[in-house]
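S.K.: Sharing query_17.json here; it has JSON, C-alpha atoms and all ligand atoms.
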[["chain", "number", "residue", "atom", "x", "y", "z"],
["Q", 287, "ILE", "CA", 136.09, -33.71, 10.59],
["Q", 288, "SER", "CA", 132.53, -33.33, 11.85],
["Q", 289, "GLN", "CA", 133.14, -36.29, 14.12],
["Q", 290, "TYR", "CA", 135.39, -34.10, 16.29],
["Q", 291, "GLN", "CA", 133.78, -30.68, 16.00],
["Q", 292, "GLY", "CA", 132.18, -29.14, 19.06],
["Q", 293, "ILE", "CA", 132.69, -27.98, 22.59],
["Q", 294, "TYR", "CA", 135.36, -29.52, 24.79],
["Q", 295, "ILE", "CA", 135.70, -28.68, 28.45],
["Q", 296, "ALA", "CA", 139.28, -28.19, 29.60],
["Q", 297, "MET", "CA", 138.72, -30.23, 32.72],
["Q", 298, "TYR", "CA", 140.05, -29.10, 36.11],
["Q", 299, "SER", "CA", 142.18, -31.15, 38.44],
["Q", 300, "ALA", "CA", 140.56, -32.99, 41.33],
["Q", 301, "TYR", "CA", 142.52, -33.45, 44.55],
["Q", 302, "ASP", "CA", 141.67, -34.59, 48.04],
["Q", 303, "GLU", "CA", 142.08, -32.29, 51.05],
["Q", 304, "ALA", "CA", 145.77, -33.23, 51.29],
["Q", 305, "GLY", "CA", 146.35, -32.23, 47.68],
["Q", 306, "ASN", "CA", 146.71, -35.74, 46.23],
["Q", 307, "VAL", "CA", 144.97, -36.76, 43.02],
["Q", 308, "ASP", "CA", 141.56, -38.10, 44.03],
["Q", 309, "GLN", "CA", 140.28, -40.53, 41.41],
["Q", 310, "ASP", "CA", 136.84, -40.62, 42.92],
["Q", 311, "ARG", "CA", 136.55, -36.86, 42.61],
["Q", 312, "VAL", "CA", 137.91, -37.03, 39.06],
["Q", 313, "ARG", "CA", 135.16, -39.52, 38.19],
["Q", 314, "LYS", "CA", 132.45, -37.33, 39.72],
["Q", 315, "LEU", "CA", 133.69, -34.29, 37.87],
["Q", 316, "ALA", "CA", 133.79, -36.16, 34.55],
["Q", 317, "ARG", "CA", 130.30, -37.50, 35.18],
["Q", 318, "TYR", "CA", 129.00, -33.99, 35.92],
["Q", 319, "TYR", "CA", 129.80, -33.02, 32.33],
["Q", 320, "VAL", "CA", 127.86, -35.85, 30.69],
["Q", 321, "GLY", "CA", 124.47, -34.86, 29.31],
["Q", 322, "LYS", "CA", 125.29, -31.18, 29.06],
["Q", 323, "GLY", "CA", 125.70, -31.24, 25.28],
["Q", 324, "VAL", "CA", 129.47, -31.00, 25.17],
["Q", 325, "LYS", "CA", 131.42, -33.12, 22.74],
["Q", 326, "GLY", "CA", 134.17, -34.03, 25.13],
["Q", 327, "LEU", "CA", 136.86, -33.28, 27.65],
["Q", 328, "TYR", "CA", 140.40, -31.98, 27.33],
["Q", 329, "VAL", "CA", 142.25, -33.70, 30.17],
["Q", 330, "GLY", "CA", 145.47, -32.53, 31.80],
["Q", 331, "GLY", "CA", 145.84, -29.22, 29.97],
["Q", 332, "SER", "CA", 146.35, -25.79, 31.51],
["Q", 333, "SER", "CA", 143.09, -25.96, 33.43],
["Q", 334, "GLY", "CA", 143.82, -29.55, 34.39],
["Q", 335, "GLU", "CA", 147.25, -28.72, 35.84],
["Q", 336, "GLY", "CA", 148.93, -31.57, 33.94],
["Q", 337, "ILE", "CA", 152.14, -29.60, 34.01],
["Q", 338, "LEU", "CA", 152.04, -29.51, 37.83],
["Q", 339, "GLN", "CA", 151.61, -33.25, 38.19],
["Q", 340, "ASN", "CA", 154.05, -36.11, 37.81],
["Q", 341, "ALA", "CA", 153.54, -38.74, 35.12],
["Q", 342, "GLU", "CA", 152.04, -41.23, 37.55],
["Q", 343, "GLU", "CA", 149.43, -38.72, 38.71],
["Q", 344, "ARG", "CA", 148.57, -37.75, 35.16],
["Q", 345, "LYS", "CA", 147.97, -41.40, 34.37],
["Q", 346, "GLN", "CA", 145.75, -41.78, 37.43],
["Q", 347, "VAL", "CA", 143.64, -38.82, 36.35],
["Q", 348, "LEU", "CA", 143.20, -40.15, 32.82],
["Q", 349, "GLU", "CA", 142.41, -43.66, 34.00],
["Q", 350, "ALA", "CA", 139.65, -42.35, 36.25],
["Q", 351, "VAL", "CA", 138.21, -40.27, 33.39],
["Q", 352, "MET", "CA", 138.25, -43.22, 31.01],
["Q", 353, "GLU", "CA", 136.63, -45.56, 33.52],
["Q", 354, "GLU", "CA", 133.81, -43.09, 34.03],
["Q", 355, "VAL", "CA", 132.98, -41.63, 30.62],
["Q", 356, "LYS", "CA", 134.65, -43.70, 27.92],
["Q", 357, "GLY", "CA", 132.30, -43.88, 24.95],
["Q", 358, "GLU", "CA", 130.11, -41.09, 26.30],
["Q", 359, "LEU", "CA", 132.51, -38.19, 25.74],
["Q", 360, "THR", "CA", 135.40, -37.74, 23.33],
["Q", 361, "ILE", "CA", 138.60, -37.59, 25.36],
["Q", 362, "ILE", "CA", 141.53, -35.47, 24.28],
["Q", 363, "VAL", "CA", 144.55, -35.93, 26.54],
["Q", 364, "HIS", "CA", 147.25, -33.35, 26.99],
["Q", 365, "VAL", "CA", 150.48, -35.35, 27.06],
["Q", 366, "GLY", "CA", 152.89, -32.44, 26.83],
["Q", 367, "ALA", "CA", 155.85, -32.69, 29.21],
["Q", 368, "ASN", "CA", 159.27, -31.10, 29.31],
["Q", 369, "SER", "CA", 161.15, -34.18, 28.28],
["Q", 370, "THR", "CA", 160.23, -35.91, 25.06],
["Q", 371, "ARG", "CA", 160.68, -39.22, 26.82],
["Q", 372, "GLU", "CA", 157.98, -38.46, 29.37],
["Q", 373, "ALA", "CA", 155.63, -37.04, 26.74],
["Q", 374, "VAL", "CA", 156.01, -40.26, 24.71],
["Q", 375, "GLU", "CA", 155.36, -42.35, 27.81],
["Q", 376, "LEU", "CA", 152.15, -40.41, 28.45],
["Q", 377, "SER", "CA", 151.13, -40.71, 24.78],
["Q", 378, "MET", "CA", 151.47, -44.48, 24.84],
["Q", 379, "HIS", "CA", 149.56, -44.66, 28.09],
["Q", 380, "ALA", "CA", 146.76, -42.56, 26.59],
["Q", 381, "GLU", "CA", 146.44, -44.99, 23.71],
["Q", 382, "LYS", "CA", 146.53, -47.98, 26.04],
["Q", 383, "VAL", "CA", 143.63, -46.74, 28.16],
["Q", 384, "GLY", "CA", 141.48, -45.87, 25.16],
["Q", 385, "ALA", "CA", 141.70, -42.09, 24.89],
["Q", 386, "ASP", "CA", 140.56, -40.66, 21.56],
["Q", 387, "ILE", "CA", 143.15, -37.99, 20.77],
["Q", 388, "ILE", "CA", 146.49, -36.77, 22.15],
["Q", 389, "SER", "CA", 147.66, -33.18, 22.22],
["Q", 390, "ALA", "CA", 150.71, -31.32, 23.50],
["Q", 391, "VAL", "CA", 152.33, -27.96, 24.11],
["Q", 392, "PRO", "CA", 156.01, -27.57, 23.20],
["Q", 393, "SER", "CA", 158.59, -28.36, 25.84],
["Q", 394, "ILE", "CA", 158.94, -25.31, 28.09],
["Q", 395, "TYR", "CA", 161.85, -23.66, 29.97],
["Q", 396, "TYR", "CA", 164.54, -24.04, 27.26],
["Q", 397, "ARG", "CA", 164.36, -21.68, 24.34],
["Q", 398, "LEU", "CA", 164.08, -24.23, 21.60],
["Q", 399, "PRO", "CA", 164.49, -23.76, 17.88],
["Q", 400, "GLU", "CA", 161.53, -24.78, 15.79],
["Q", 401, "ALA", "CA", 163.30, -27.98, 14.71],
["Q", 402, "ALA", "CA", 163.47, -29.13, 18.35],
["Q", 403, "VAL", "CA", 159.79, -28.49, 18.95],
["Q", 404, "GLU", "CA", 158.98, -30.31, 15.74],
["Q", 405, "THR", "CA", 161.09, -33.32, 16.81],
["Q", 406, "HIS", "CA", 159.46, -33.28, 20.25],
["Q", 407, "TRP", "CA", 155.96, -33.40, 18.76],
["Q", 408, "GLN", "CA", 156.95, -35.90, 16.07],
["Q", 409, "HIS", "CA", 158.09, -38.44, 18.67],
["Q", 410, "MET", "CA", 154.67, -38.27, 20.31],
["Q", 411, "ILE", "CA", 152.91, -38.55, 16.96],
["Q", 412, "ASP", "CA", 154.98, -41.58, 15.98],
["Q", 413, "SER", "CA", 154.52, -43.33, 19.31],
["Q", 414, "THR", "CA", 150.81, -44.11, 18.86],
["Q", 415, "ASN", "CA", 148.08, -44.55, 16.26],
["Q", 416, "LEU", "CA", 146.02, -41.80, 17.86],
["Q", 417, "PRO", "CA", 145.20, -38.51, 16.16],
["Q", 418, "PHE", "CA", 147.26, -35.55, 17.39],
["Q", 419, "ILE", "CA", 146.20, -31.97, 18.06],
["Q", 420, "ILE", "CA", 148.93, -29.34, 18.28],
["Q", 421, "TYR", "CA", 148.50, -27.11, 21.32],
["Q", 422, "ASN", "CA", 149.55, -23.55, 20.57],
["Q", 423, "ILE", "CA", 149.56, -21.29, 23.65],
["Q", 424, "PRO", "CA", 152.34, -18.75, 23.06],
["Q", 425, "GLN", "CA", 151.49, -16.52, 26.03],
["Q", 426, "THR", "CA", 152.51, -19.27, 28.45],
["Q", 427, "THR", "CA", 155.10, -21.26, 26.45],
["Q", 428, "GLY", "CA", 156.86, -18.45, 24.63],
["Q", 429, "PHE", "CA", 156.66, -20.47, 21.42],
["Q", 430, "THR", "CA", 154.44, -19.37, 18.55],
["Q", 431, "LEU", "CA", 153.48, -21.99, 16.01],
["Q", 432, "SER", "CA", 154.41, -20.80, 12.53],
["Q", 433, "THR", "CA", 152.16, -21.55, 9.59],
["Q", 434, "SER", "CA", 155.09, -23.29, 7.90],
["Q", 435, "LEU", "CA", 155.53, -25.76, 10.77],
["Q", 436, "LEU", "CA", 151.77, -26.23, 10.93],
["Q", 437, "ALA", "CA", 151.70, -26.96, 7.19],
["Q", 438, "LYS", "CA", 154.50, -29.48, 7.52],
["Q", 439, "LEU", "CA", 152.94, -31.32, 10.47],
["Q", 440, "ALA", "CA", 149.46, -31.23, 8.93],
["Q", 441, "GLU", "CA", 150.67, -33.24, 5.94],
["Q", 442, "GLN", "CA", 150.42, -36.29, 8.18],
["Q", 443, "ASP", "CA", 147.00, -37.87, 8.50],
["Q", 444, "LYS", "CA", 147.45, -38.25, 12.24],
["Q", 445, "VAL", "CA", 147.83, -34.51, 12.79],
["Q", 446, "ILE", "CA", 144.18, -33.51, 12.70],
["Q", 447, "GLY", "CA", 144.16, -30.05, 14.18],
["Q", 448, "VAL", "CA", 145.39, -27.28, 16.41],
["Q", 449, "LYS", "CA", 144.14, -25.90, 19.69],
["Q", 450, "MET", "CA", 144.63, -22.19, 19.15],
["Q", 451, "SER", "CA", 144.92, -20.54, 22.54],
["Q", 452, "GLY", "CA", 146.76, -17.53, 21.18],
["Q", 453, "GLU", "CA", 144.59, -14.45, 21.14],
["Q", 454, "SER", "CA", 144.86, -13.40, 17.52],
["Q", 455, "THR", "CA", 141.88, -14.32, 15.38],
["Q", 456, "PHE", "CA", 144.05, -13.34, 12.41],
["Q", 457, "GLU", "CA", 146.49, -16.14, 13.26],
["Q", 458, "LEU", "CA", 143.57, -18.47, 13.91],
["Q", 459, "GLN", "CA", 142.24, -17.77, 10.43],
["Q", 460, "GLN", "CA", 145.71, -18.28, 8.95],
["Q", 461, "TYR", "CA", 145.98, -21.67, 10.68],
["Q", 462, "LYS", "CA", 142.62, -22.71, 9.26],
["Q", 463, "GLU", "CA", 143.58, -21.56, 5.80],
["Q", 464, "THR", "CA", 146.97, -23.28, 5.99],
["Q", 465, "GLY", "CA", 145.59, -26.53, 7.37],
["Q", 466, "GLY", "CA", 142.73, -26.64, 4.92],
["Q", 467, "SER", "CA", 139.04, -27.37, 5.35],
["Q", 468, "MET", "CA", 139.70, -30.86, 6.75],
["Q", 469, "PHE", "CA", 142.05, -29.53, 9.44],
["Q", 470, "LEU", "CA", 140.43, -28.73, 12.79],
["Q", 471, "VAL", "CA", 141.04, -25.46, 14.57],
["Q", 472, "PHE", "CA", 139.80, -25.13, 18.14],
["Q", 473, "ASN", "CA", 139.32, -21.74, 19.68],
["Q", 474, "GLY", "CA", 141.23, -21.29, 22.95],
["Q", 475, "PRO", "CA", 140.33, -17.89, 24.44],
["Q", 476, "ASP", "CA", 136.82, -18.42, 25.79],
["Q", 477, "GLU", "CA", 136.08, -14.70, 25.75],
["Q", 478, "GLN", "CA", 136.59, -14.77, 21.96],
["Q", 479, "PHE", "CA", 134.70, -17.96, 21.22],
["Q", 480, "LEU", "CA", 132.25, -16.36, 18.82],
["Q", 481, "ALA", "CA", 134.96, -14.33, 17.10],
["Q", 482, "GLY", "CA", 137.03, -17.48, 16.66],
["Q", 483, "ARG", "CA", 134.08, -19.39, 15.24],
["Q", 484, "ILE", "CA", 133.32, -16.60, 12.80],
["Q", 485, "MET", "CA", 136.92, -16.66, 11.59],
["Q", 486, "GLY", "CA", 136.92, -20.40, 10.99],
["Q", 487, "ALA", "CA", 137.29, -22.29, 14.28],
["Q", 488, "ASP", "CA", 135.49, -25.64, 14.29],
["Q", 489, "GLY", "CA", 134.72, -25.52, 17.98],
["Q", 490, "GLY", "CA", 136.37, -24.62, 21.21],
["Q", 491, "ILE", "CA", 138.35, -26.02, 24.10],
["Q", 492, "GLY", "CA", 138.17, -23.88, 27.19],
["Q", 493, "GLY", "CA", 138.78, -23.64, 30.88],
["Q", 494, "THR", "CA", 135.82, -21.50, 31.84],
["Q", 495, "TYR", "CA", 133.42, -23.86, 30.05],
["Q", 496, "GLY", "CA", 133.77, -26.02, 33.13],
["Q", 497, "VAL", "CA", 131.53, -23.76, 35.20],
["Q", 498, "MET", "CA", 129.13, -22.88, 32.36],
["Q", 499, "PRO", "CA", 129.10, -25.70, 29.82],
["Q", 500, "GLU", "CA", 125.47, -25.15, 28.85],
["Q", 501, "LEU", "CA", 126.16, -21.52, 27.95],
["Q", 502, "PHE", "CA", 128.96, -22.43, 25.56],
["Q", 503, "VAL", "CA", 126.90, -25.23, 24.03],
["Q", 504, "LYS", "CA", 124.11, -22.70, 23.48],
["Q", 505, "LEU", "CA", 126.50, -20.12, 22.08],
["Q", 506, "ASN", "CA", 127.82, -22.68, 19.63],
["Q", 507, "SER", "CA", 124.28, -23.61, 18.54],
["Q", 508, "LEU", "CA", 123.38, -19.97, 18.01],
["Q", 509, "PHE", "CA", 126.43, -19.59, 15.78],
["Q", 510, "ILE", "CA", 125.58, -22.73, 13.81],
["Q", 511, "GLY", "CA", 122.00, -21.48, 13.43],
["Q", 512, "ASN", "CA", 123.34, -18.19, 12.09],
["Q", 513, "ARG", "CA", 121.68, -16.26, 14.94],
["Q", 514, "ILE", "CA", 124.60, -13.92, 15.26],
["Q", 515, "GLU", "CA", 122.97, -11.09, 17.19],
["Q", 516, "GLU", "CA", 121.73, -13.44, 19.89],
["Q", 517, "ALA", "CA", 125.13, -15.13, 19.92],
["Q", 518, "GLN", "CA", 126.85, -11.81, 20.39],
["Q", 519, "ALA", "CA", 124.54, -10.95, 23.27],
["Q", 520, "LEU", "CA", 125.25, -14.29, 24.94],
["Q", 521, "GLN", "CA", 129.02, -13.97, 24.43],
["Q", 522, "THR", "CA", 128.82, -10.51, 26.02],
["Q", 523, "LYS", "CA", 126.95, -11.95, 28.99],
["Q", 524, "ILE", "CA", 129.50, -14.78, 29.30],
["Q", 525, "ASN", "CA", 132.35, -12.29, 29.12],
["Q", 526, "GLY", "CA", 130.93, -10.50, 32.14],
["Q", 527, "PHE", "CA", 131.30, -13.77, 34.04],
["Q", 528, "ILE", "CA", 134.80, -14.42, 32.68],
["Q", 529, "LYS", "CA", 135.90, -10.90, 33.58],
["Q", 530, "LYS", "CA", 134.83, -11.56, 37.18],
["Q", 531, "LEU", "CA", 136.52, -14.98, 37.27],
["Q", 532, "LEU", "CA", 139.79, -13.47, 36.03],
["Q", 533, "GLY", "CA", 139.68, -10.97, 38.90],
["Q", 534, "TYR", "CA", 140.38, -13.62, 41.56],
["Q", 535, "PRO", "CA", 143.89, -14.71, 42.71],
["Q", 536, "SER", "CA", 143.59, -17.79, 40.53],
["Q", 537, "LEU", "CA", 141.05, -18.49, 37.83],
["Q", 538, "TYR", "CA", 140.98, -22.20, 38.59],
["Q", 539, "GLY", "CA", 140.65, -21.65, 42.33],
["Q", 540, "ALA", "CA", 137.57, -19.56, 41.61],
["Q", 541, "CYS", "CA", 136.11, -22.06, 39.13],
["Q", 542, "LYS", "CA", 136.72, -25.00, 41.44],
["Q", 543, "TYR", "CA", 135.04, -23.15, 44.31],
["Q", 544, "ILE", "CA", 132.00, -22.54, 42.12],
["Q", 545, "LEU", "CA", 131.81, -26.26, 41.37],
["Q", 546, "SER", "CA", 131.97, -27.02, 45.09],
["Q", 547, "LEU", "CA", 128.85, -24.89, 45.53],
["Q", 548, "ARG", "CA", 127.15, -27.33, 43.15],
["Q", 549, "GLY", "CA", 128.27, -30.33, 45.18],
["Q", 550, "ILE", "CA", 131.29, -31.15, 43.01],
["Q", 551, "GLU", "CA", 134.36, -31.18, 45.25],
["Q", 552, "THR", "CA", 137.72, -30.95, 43.51],
["Q", 553, "GLY", "CA", 139.94, -29.45, 46.21],
["Q", 554, "ALA", "CA", 142.17, -26.42, 45.75],
["Q", 555, "PRO", "CA", 144.40, -26.00, 42.72],
["Q", 556, "ARG", "CA", 147.97, -27.07, 43.31],
["Q", 557, "LEU", "CA", 150.53, -24.42, 44.30],
["Q", 558, "PRO", "CA", 151.86, -22.17, 42.90],
["Q", 559, "LEU", "CA", 148.27, -21.68, 41.67],
["Q", 560, "LEU", "CA", 146.65, -19.93, 44.59],
["Q", 561, "PRO", "CA", 143.62, -21.29, 46.40],
["Q", 562, "VAL", "CA", 140.42, -19.30, 46.73],
["Q", 563, "ARG", "CA", 140.34, -16.96, 49.72],
["Q", 564, "PRO", "CA", 137.50, -17.08, 52.27],
["Q", 565, "GLU", "CA", 136.74, -13.40, 51.74],
["Q", 566, "HIS", "CA", 135.87, -14.24, 48.13],
["Q", 567, "HIS", "CA", 133.33, -16.93, 48.94],
["Q", 568, "ALA", "CA", 130.35, -14.59, 49.04],
["Q", 569, "SER", "CA", 131.02, -12.90, 45.71],
["Q", 570, "LEU", "CA", 131.66, -16.27, 44.06],
["Q", 571, "ALA", "CA", 128.34, -17.54, 45.41],
["Q", 572, "GLU", "CA", 126.69, -14.51, 43.77],
["Q", 573, "LEU", "CA", 128.49, -15.21, 40.52],
["Q", 574, "ASN", "CA", 127.41, -18.84, 40.66],
["Q", 575, "LYS", "CA", 123.78, -17.73, 41.02],
["Q", 576, "ASP", "CA", 124.10, -15.38, 38.07],
["Q", 577, "ILE", "CA", 125.57, -18.12, 35.89],
["Q", 578, "GLU", "CA", 122.92, -20.62, 36.94],
["Q", 579, "LYS", "CA", 120.04, -18.31, 36.09],
["Q", 580, "THR", "CA", 121.37, -17.39, 32.65],
["Q", 601, "LIG", "C1", 143.43, -25.57, 28.83],
["Q", 601, "LIG", "O1", 144.37, -26.10, 28.24],
["Q", 601, "LIG", "O2", 143.10, -25.93, 29.93],
["Q", 601, "LIG", "C2", 142.65, -24.43, 28.27],
["Q", 601, "LIG", "O3", 141.78, -24.87, 27.30],
["Q", 601, "LIG", "C3", 143.42, -23.27, 27.77],
["Q", 601, "LIG", "C4", 142.45, -22.20, 27.39],
["Q", 601, "LIG", "O4", 142.69, -21.74, 26.09],
["Q", 601, "LIG", "C5", 142.49, -21.08, 28.38],
["Q", 601, "LIG", "N1", 143.59, -20.21, 28.11],
["Q", 601, "LIG", "C6", 144.55, -19.96, 29.01],
["Q", 601, "LIG", "O5", 144.55, -20.46, 30.11],
["Q", 601, "LIG", "C7", 145.63, -19.02, 28.60],
["Q", 601, "LIG", "C8", 141.19, -20.32, 28.33],
["Q", 601, "LIG", "O6", 140.14, -21.22, 28.59],
["Q", 601, "LIG", "C9", 141.20, -19.21, 29.36],
["Q", 601, "LIG", "O7", 141.33, -19.76, 30.64],
["Q", 601, "LIG", "C10", 139.91, -18.40, 29.30],
["Q", 601, "LIG", "O8", 139.74, -17.93, 27.99],
["Q", 601, "LIG", "C11", 139.93, -17.23, 30.28],
["Q", 601, "LIG", "O9", 140.83, -16.24, 29.86]]
Please go through the file and, once you have read it, give me the structure as structure tokens.
Ligand code: HMN
M.R.:
Amino acid sequence: ISQYQGIYIAMYSAYDEAGNVDQDRVRKLARYYVGKGVKGLYVGGSSGEGILQNAEERKQVLEAVMEEVKGELTIIVHVGANSTREAVELSMHAEKVGADIISAVPSIYYRLPEAAVETHWQHMIDSTNLPFIIYNIPQTTGFTLSTSLLAKLAEQDKVIGVKMSGESTFELQQYKETGGSMFLVFNGPDEQFLAGRIMGADGGIGGTYGVMPELFVKLNSLFIGNRIEEAQALQTKINGFIKKLLGYPSLYGACKYILSLRGIETGAPRLPLLPVRPEHHASLAELNKDIEKT
């Protein structure tokens, strides 16, 4: 499993000024993350607004990412969609363009029994030869992955891990124990990265990594080097930044504005995610400086 361990940036969307997917901006954003020590990118997840884009747009985003960084970064694609049919279409597309791994949330809106979620995921798994990472994010989907479903899915070689975005490190540890030492668990809540690692996570996938990749790479190295006190101090420092980011009308609007200050234009997030407000520009510029000097 060491081939997949590490830090994955949950990549943001990149639109032009009219709000359309901008492949050139996607390429620049992907390129920005090369050479920073991260293992790869998680494309089209929560931070990437996959759920706010149609299938065609999601394909355009992935194609631009693959053209730019294929072979340089490991690419996990979020292919979750409400209908199984669309999720399967996106899975097959991901395989066709050379992505490394697919991953999906359950279907949302309907309250589905576990058997329906299992069937939904199984169709994606069966549609390609790619490895699959379950995406568990109960606070947004309303569906909590049980250890029994995890155990059942993990029996298949293709199901290599879970992205654990729930906030309980107890559940995270239970997933790791259930899946076994060869089953990957990725920490989701960035503010608990170190806690997740200590309780068994193999790495992390996170949305705030996108404005501070070097800090999470360093935090991960400190953990691996068993320098726990320094790691705790760095996580505390990072959490100060995350706390500020979460105070804006939208987290991604704030993160994307910070990137624009570094010359990486990605446009505003798509509504209903709110754009950054002009009166917040100055404090975000301050925050950017603080992050850059850490
Ligand atoms: C993604 O799919 O884009 C993210 O990796 C999901 C990730 O777990 C984020 N969680 C949520 O959005 C609920 C975190 O990165 C989160 O944004 C961060 O910890 C700040 O709270």
S.K.: Could you tell me, as a ChimeraX atom specification, which residues have any atom at most 12 Å from (142.7, -16.2, 42.3), counting all atoms listed in the file?
M.R.: /Q:530-543,554-555,557-567,570
S.K.: Could you check how far CA of Thr370 in chain Q sits from CA of Ala402 in chain Q, in Å to one decimal?
M.R.: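 A separation of 10.1 Å between them.
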S.K.: Could you give me the residues within 7 Å of ligand LIG 601 (chain Q), counting all atoms listed in the file, as a VMD selection string?
M.R.: chain Q and resid 296 to 297 331 to 334 423 425 to 426 451 474 to 477 491 to 494 528 532
S.K.: Using CA of Asn525 in chain Q and CA of Thr360 in chain Q as the two end points, give the distance in Å to one decimal.
M.R.: 26.3 Å
S.K.: Please check which residues have atoms at most 6 Å from (132.6, -40.3, 34.4) in the file's coordinates, counting all atoms listed in the file, and write them as a ChimeraX atom specification.
M.R.: /Q:313,316-317,351,354-355
S.K.: Which is closer to Val312 in chain Q than all the others in Q:Thr580, Q:Gln346, Q:Thr405, Q:Gln339, using only C-alpha atoms?
M.R.: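 For Val312 in chain Q, the nearest of the candidates is Q:Gln346.
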S.K.: So how far away is CA of Leu359 in chain Q from CA of Asp443 in chain Q, in Å?
M.R.: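 CA of Leu359 in chain Q lies 22.5 Å from CA of Asp443 in chain Q.
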S.K.: Under the rule that all atoms listed in the file are counted, which of Q:Asp488, Q:Glu353, Q:Glu375, Q:Asp386 is the nearest residue to Tyr328 in chain Q?
M.R.: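 So, comparing all the options, the nearest one is Q:Asp386.
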S.K.: Work out where the centre of an axis-aligned box around every listed atom of range 478-491 of chain Q lies and how long its edges are once 8 Å is added on each side; give both in Å to one decimal as AutoDock Vina command-line options.
M.R.:
--center_x 135.3 --center_y -20.2 --center_z 17.5 --size_x 22.1 --size_y 27.7 --size_z 29.1
S.K.: Can you work out which one of Q:Val324, Q:Met468, Q:Glu343, Q:Glu578 has the shortest atom-to-atom distance to Gly305 in chain Q, counting all atoms listed in the file?
M.R.: Q:Glu343
S.K.: Env of Ala341 in chain Q: 9 Å cut, atoms = all atoms listed in the file, seq-sep filter 4 positions within chain, self excluded. Answer as a VMD selection string.
M.R.: chain Q and resid 336 345 to 346 367 372 to 373 375 to 376
